[in-house]
Each structure stands twice: as C-alpha cells, then as structure tokens.
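Have a look at the structure below, then the notes.
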Amino acid sequence: MRTNSDPSAARAAAAAAVLWLTLTSAANAAPPVAPDAQALRAEASDGSWSLQPKIPDVPVVTQDGAHVKFHQDLVAGKVVAINFIFTTCTTVCPPLGVKFGTLQRLLGDHFGKDAFLISVSVDPVNDTPERLKAWAAKFGALPGWTLVTGRKQDIDELLQALSSSGASPEGHTPMVLIGNDAAGSWTRAHGFAPAGTLVKSIEKALAATTVAGGSR
C-alpha cells in the first residue's frame with residue numbers, strides 16, 4: 001500500500017480537519033444568552049427575543065474612518081443584521097464575510113435602504129479601519145454594510161450588550177443578530193445558516209415595522 005509522504009499534503013489535511021471540527025462545534029453550540037437579564041422581555045421557541053433599548057451608544061470608527069455613535073447612527077430606527085469578525089481570522093470569519101456578501105444581493109432593493117449589515121470587530125486593538133476596509137473588499141462590501149472598530153473598552157461594552165460570547169478573537173462565535181430597533185424585536189441566528197434563511201429573518205424584521213406602526 002502506498003503512503004503519502006508529502007509533508008505539505010499532511011499539513012493541509014490536518015488544517016482541514018481542524019477547520020471542520022471548529023465549524024461543526026460552532027454549528028452545534030447553543031447561541032449565547034444575553035448577559036443582562038433585565039434586558040430580556042420574552043424569548044420564543046424560535047430563538048427570538050424582545051429587548052429593551054439597552055444597546056450602548058458607544059463611539060465607533062467605520063471602515064471608511066468615520067467616527068459615529070453605534071446606536072444613534074447605525075441602529076436607531078433601522079433593521080440590521082450584525083455579526084462579529086476579526087480580520088486575521090482564518091476559520092469562521094471568512095464564511096461570515098461570504099454570507100454577508102451574499103445577503104447584499106439577496107436583499108435586493110431593501111439593502112442599504114430598509115435593511116443594513118454591520119460587522120463588529122472583536123479585535124479592535126489590531127483591526128484598524130484600513131484593515132477592515134481591505135477585509136470587506138474581499139467580499140464585495142457595498143454601501144449599507146458597515147464594519148466598525150474602536151477603543152477596546154467601548155467595543156468590549158458593545159460586545160457584552162450584544163450578547164457576543166467573547167470580547168476577544170479566541171472567544172467569538174458565528175452568531176448573527178437580526179433586529180428591528182423601531183419595533184424592539186431581535187432574533188439571533190447562526191451565521192452558517194443558509195443565506196435564504198437569514199433573508200427570511202430579515203424580512204420578518206422588516207414586517208415587524210409595519211405591525212408596530214399599525215398598533216399605535
């Protein structure tokens with residue numbers, strides 16, 4: 001029986017095995033629970049929950065170098081999908097970038113008008129706006145997809161409020177938050193879910209605006 005003695009092939013196989021185990025473990029893991037119990041009003045069987053408006057309005061910097069307030073400028077009154085990435089990640093983050101790049105197309109006219117994408121760096125010490133911009137370009141990011149970094153203490157506060165499981169590159173998970181700020185309705189989803197599934201969740205969030213408006 002022949003054996004493969006090519007060390008580069010062995011390394012590639014090992015790396016593939018590690019990646020498969022990482023993605024499998026992440027897919028099977030339960031989504032993180034919001035740390036602030038006071039923020040939770042209710043949680044349904046589909047993993048959705050309603051939040052009081054407790055998203056901190058911390059200062060952040062976008063991939064274009066703009067200094068904005070996270071809640072006031074990026075979330076308030078909008079429907080958003082938020083994921084958590086860092087630019088040197090080689091496992092879960094590239095698939096998340098591909099997924100958001102696909103969502104831009106599938107959302108059609110809603111994208112950048114009614115629905116927006118936000119990526120929050122979990123490595124703000126190293127992820128400069130320039131690095132975020134270069135990372136986003138790999139996935140064809142268009143206006144309407146905002147990537148943010150900032151001071152570590154501000155980003156840590158933001159990550160905790162958004163229920164990201166770790167305020168560090170080692171601890172983050174492929175979770176996506178889909179929220180309608182005006183309706184106070186938020187859904188957590190797995191970042192590796194089919195793009196069509198995520199689009200349906202975003203469309204549901206868009207519909208919540210109509211329902212909330214009609215109930216006043």
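Just remember, in the structure tokens the first chain shown is A, the second B, etc., residues are 1-based per chain, and ligands are 1-based in the order shown.
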
Residue neighbourhood Gly196 (chain A), 12 Å, only C-alpha atoms, exclusion window fewer than 5 positions, as a list in words:
Lys99, Phe100, Thr102, Leu103, Gln104, Arg105, Leu106, Leu107, Gly191, Ser201, Ile202 and Glu203 of chain A

Emit the selected residues as a PDB file, in the first residue's frame, including N, CA and C atoms.
ATOM      1  N   LYS A  99     -21.100  35.155   3.578  1.00  0.00           N
ATOM      2  CA  LYS A  99     -22.543  35.158   3.832  1.00  0.00           C
ATOM      3  C   LYS A  99     -23.121  36.565   3.737  1.00  0.00           C
ATOM      4  N   PHE A 100     -22.439  37.536   4.360  1.00  0.00           N
ATOM      5  CA  PHE A 100     -22.937  38.909   4.290  1.00  0.00           C
ATOM      6  C   PHE A 100     -22.845  39.446   2.861  1.00  0.00           C
ATOM      7  N   THR A 102     -23.317  37.724   0.232  1.00  0.00           N
ATOM      8  CA  THR A 102     -24.465  37.132  -0.451  1.00  0.00           C
ATOM      9  C   THR A 102     -25.758  37.828  -0.049  1.00  0.00           C
ATOM     10  N   LEU A 103     -25.885  38.170   1.232  1.00  0.00           N
ATOM     11  CA  LEU A 103     -27.100  38.839   1.701  1.00  0.00           C
ATOM     12  C   LEU A 103     -27.320  40.166   0.987  1.00  0.00           C
ATOM     13  N   GLN A 104     -26.241  40.876   0.690  1.00  0.00           N
ATOM     14  CA  GLN A 104     -26.376  42.149  -0.031  1.00  0.00           C
ATOM     15  C   GLN A 104     -27.185  41.956  -1.308  1.00  0.00           C
ATOM     16  N   ARG A 105     -26.863  40.879  -2.020  1.00  0.00           N
ATOM     17  CA  ARG A 105     -27.537  40.621  -3.300  1.00  0.00           C
ATOM     18  C   ARG A 105     -28.965  40.138  -3.084  1.00  0.00           C
ATOM     19  N   LEU A 106     -29.147  39.225  -2.131  1.00  0.00           N
ATOM     20  CA  LEU A 106     -30.458  38.624  -1.946  1.00  0.00           C
ATOM     21  C   LEU A 106     -31.484  39.598  -1.376  1.00  0.00           C
ATOM     22  N   LEU A 107     -31.019  40.609  -0.645  1.00  0.00           N
ATOM     23  CA  LEU A 107     -31.944  41.585  -0.078  1.00  0.00           C
ATOM     24  C   LEU A 107     -32.485  42.562  -1.120  1.00  0.00           C
ATOM     25  N   GLY A 191     -24.595  32.055  12.101  1.00  0.00           N
ATOM     26  CA  GLY A 191     -24.001  32.684  10.933  1.00  0.00           C
ATOM     27  C   GLY A 191     -23.782  31.761   9.759  1.00  0.00           C
ATOM     28  N   SER A 201     -35.393  35.882   7.951  1.00  0.00           N
ATOM     29  CA  SER A 201     -35.396  36.508   9.277  1.00  0.00           C
ATOM     30  C   SER A 201     -35.354  38.032   9.156  1.00  0.00           C
ATOM     31  N   ILE A 202     -34.577  38.523   8.187  1.00  0.00           N
ATOM     32  CA  ILE A 202     -34.516  39.970   7.975  1.00  0.00           C
ATOM     33  C   ILE A 202     -35.855  40.483   7.453  1.00  0.00           C
ATOM     34  N   GLU A 203     -36.477  39.744   6.544  1.00  0.00           N
ATOM     35  CA  GLU A 203     -37.786  40.143   6.022  1.00  0.00           C
ATOM     36  C   GLU A 203     -38.833  40.145   7.128  1.00  0.00           C
TER      37      GLU A 203
END

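Taking CA of Ala136 (chain A) and CA of Ala182 (chain A) as the two end points, the separation is 27.4 Å.
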
Would you kindly return, as a PyMOL selection string, each protein, DNA or RNA residue with an atom no farther than 10 Å from any atom of region 110-119 of chain A, considering only C-alpha atoms and excluding same-chain residues fewer than 4 positions away?
chain A and resi 62-63+70+74-75+77-86+96-97+100-101+103-106+132+136+141-149+176-180+202-203+205-206

Restricting it to C-alpha atoms, dump the selection as a PDB file, in the first residue's frame.
ATOM      1  CA  THR A  62     -16.167  52.660  10.448  1.00  0.00           C
ATOM      2  CA  GLN A  63     -14.068  51.071   7.720  1.00  0.00           C
ATOM      3  CA  PHE A  70     -23.144  52.843  17.330  1.00  0.00           C
ATOM      4  CA  LEU A  74     -26.091  52.698  12.797  1.00  0.00           C
ATOM      5  CA  VAL A  75     -29.009  51.042  14.579  1.00  0.00           C
ATOM      6  CA  GLY A  77     -34.890  53.106  13.793  1.00  0.00           C
ATOM      7  CA  LYS A  78     -33.344  50.573  11.406  1.00  0.00           C
ATOM      8  CA  VAL A  79     -33.475  46.882  10.588  1.00  0.00           C
ATOM      9  CA  VAL A  80     -29.963  45.481  10.932  1.00  0.00           C
ATOM     10  CA  ALA A  81     -28.080  42.208  10.838  1.00  0.00           C
ATOM     11  CA  ILE A  82     -24.949  42.218  12.999  1.00  0.00           C
ATOM     12  CA  ASN A  83     -22.091  39.723  13.006  1.00  0.00           C
ATOM     13  CA  PHE A  84     -18.752  39.602  14.804  1.00  0.00           C
ATOM     14  CA  ILE A  85     -15.436  39.191  12.976  1.00  0.00           C
ATOM     15  CA  PHE A  86     -11.732  39.970  13.048  1.00  0.00           C
ATOM     16  CA  LEU A  96     -19.302  35.022   7.632  1.00  0.00           C
ATOM     17  CA  GLY A  97     -17.928  37.549   5.145  1.00  0.00           C
ATOM     18  CA  PHE A 100     -22.937  38.909   4.290  1.00  0.00           C
ATOM     19  CA  GLY A 101     -21.714  39.461   0.746  1.00  0.00           C
ATOM     20  CA  LEU A 103     -27.100  38.839   1.701  1.00  0.00           C
ATOM     21  CA  GLN A 104     -26.376  42.149  -0.031  1.00  0.00           C
ATOM     22  CA  ARG A 105     -27.537  40.621  -3.300  1.00  0.00           C
ATOM     23  CA  LEU A 106     -30.458  38.624  -1.946  1.00  0.00           C
ATOM     24  CA  LEU A 132     -11.483  46.404   7.979  1.00  0.00           C
ATOM     25  CA  ALA A 136     -14.569  43.876   3.460  1.00  0.00           C
ATOM     26  CA  ALA A 141     -18.899  45.002   0.576  1.00  0.00           C
ATOM     27  CA  LEU A 142     -21.204  47.738  -0.710  1.00  0.00           C
ATOM     28  CA  PRO A 143     -22.620  50.866   0.948  1.00  0.00           C
ATOM     29  CA  GLY A 144     -25.070  49.555   3.509  1.00  0.00           C
ATOM     30  CA  TRP A 145     -22.581  47.131   5.040  1.00  0.00           C
ATOM     31  CA  THR A 146     -20.681  48.927   7.804  1.00  0.00           C
ATOM     32  CA  LEU A 147     -17.698  47.476   9.657  1.00  0.00           C
ATOM     33  CA  VAL A 148     -16.707  49.031  12.958  1.00  0.00           C
ATOM     34  CA  THR A 149     -13.807  49.108  15.373  1.00  0.00           C
ATOM     35  CA  VAL A 176     -25.777  36.916  13.806  1.00  0.00           C
ATOM     36  CA  LEU A 177     -28.185  39.311  15.491  1.00  0.00           C
ATOM     37  CA  ILE A 178     -31.098  40.441  13.361  1.00  0.00           C
ATOM     38  CA  GLY A 179     -33.005  43.331  14.858  1.00  0.00           C
ATOM     39  CA  ASN A 180     -35.691  45.863  14.234  1.00  0.00           C
ATOM     40  CA  ILE A 202     -34.516  39.970   7.975  1.00  0.00           C
ATOM     41  CA  GLU A 203     -37.786  40.143   6.022  1.00  0.00           C
ATOM     42  CA  ALA A 205     -37.885  42.017  10.999  1.00  0.00           C
ATOM     43  CA  LEU A 206     -38.906  44.395   8.205  1.00  0.00           C
TER      44      LEU A 206
END

Contact residues around Thr128 (chain A) with only C-alpha atoms at 12 Å, ignoring same-chain residues under 2 positions, as an MDAnalysis selection string
chainID A and resid 60:66 86:88 120:126 130:135 147:152

What does the file look like for those residues with C-alpha atoms, as a CSV table (one decimal), in the first residue's frame?
chain,number,residue,atom,x,y,z
A,60,VAL,CA,-17.0,53.5,17.0
A,61,VAL,CA,-15.0,54.0,13.8
A,62,THR,CA,-16.2,52.7,10.4
A,63,GLN,CA,-14.1,51.1,7.7
A,64,ASP,CA,-14.1,54.5,6.0
A,65,GLY,CA,-12.7,56.2,9.0
A,66,ALA,CA,-15.9,57.9,10.0
A,86,PHE,CA,-11.7,40.0,13.0
A,87,THR,CA,-9.5,40.5,10.0
A,88,THR,CA,-6.8,37.9,10.8
A,120,VAL,CA,-18.2,44.4,14.7
A,121,SER,CA,-14.5,43.7,15.2
A,122,VAL,CA,-13.7,41.5,18.2
A,123,ASP,CA,-10.1,42.5,17.9
A,124,PRO,CA,-10.2,46.3,17.9
A,125,VAL,CA,-6.6,46.6,19.1
A,126,ASN,CA,-5.4,45.3,15.8
A,130,GLU,CA,-7.9,50.3,6.9
A,131,ARG,CA,-7.7,46.6,7.8
A,132,LEU,CA,-11.5,46.4,8.0
A,133,LYS,CA,-11.9,48.1,4.6
A,134,ALA,CA,-9.4,45.7,3.0
A,135,TRP,CA,-11.1,42.7,4.6
A,147,LEU,CA,-17.7,47.5,9.7
A,148,VAL,CA,-16.7,49.0,13.0
A,149,THR,CA,-13.8,49.1,15.4
A,150,GLY,CA,-12.9,51.5,18.2
A,151,ARG,CA,-11.4,51.7,21.7
A,152,LYS,CA,-11.2,48.3,23.3

Taking 3 positions as the minimum chain separation for residues in the same chain, which residues sit within 8 Å of Ala76 (chain A) when counting only C-alpha atoms? Answer as a tab-separated table (two decimals) with C-alpha atoms, in the first residue's frame.
chain	number	residue	atom	x	y	z
A	71	HIS	CA	-26.79	53.02	18.31
A	72	GLN	CA	-27.66	56.54	17.19
A	73	ASP	CA	-26.03	56.37	13.77
A	181	ASP	CA	-34.80	48.70	16.57
A	182	ALA	CA	-38.03	50.61	15.98

Which residue of A:Val98, A:Glu157, A:Cys93, A:Gly140 approaches Val58 (chain A) most closely, using only C-alpha atoms:
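Nearest to Val58 (chain A): A:Glu157.
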
Can you tell me how far CA of Leu198 (chain A) sits from CA of Gly108 (chain A), in Å to one decimal?
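Atom-to-atom, CA of Leu198 (chain A) and CA of Gly108 (chain A) are spaced 13.7 Å apart.
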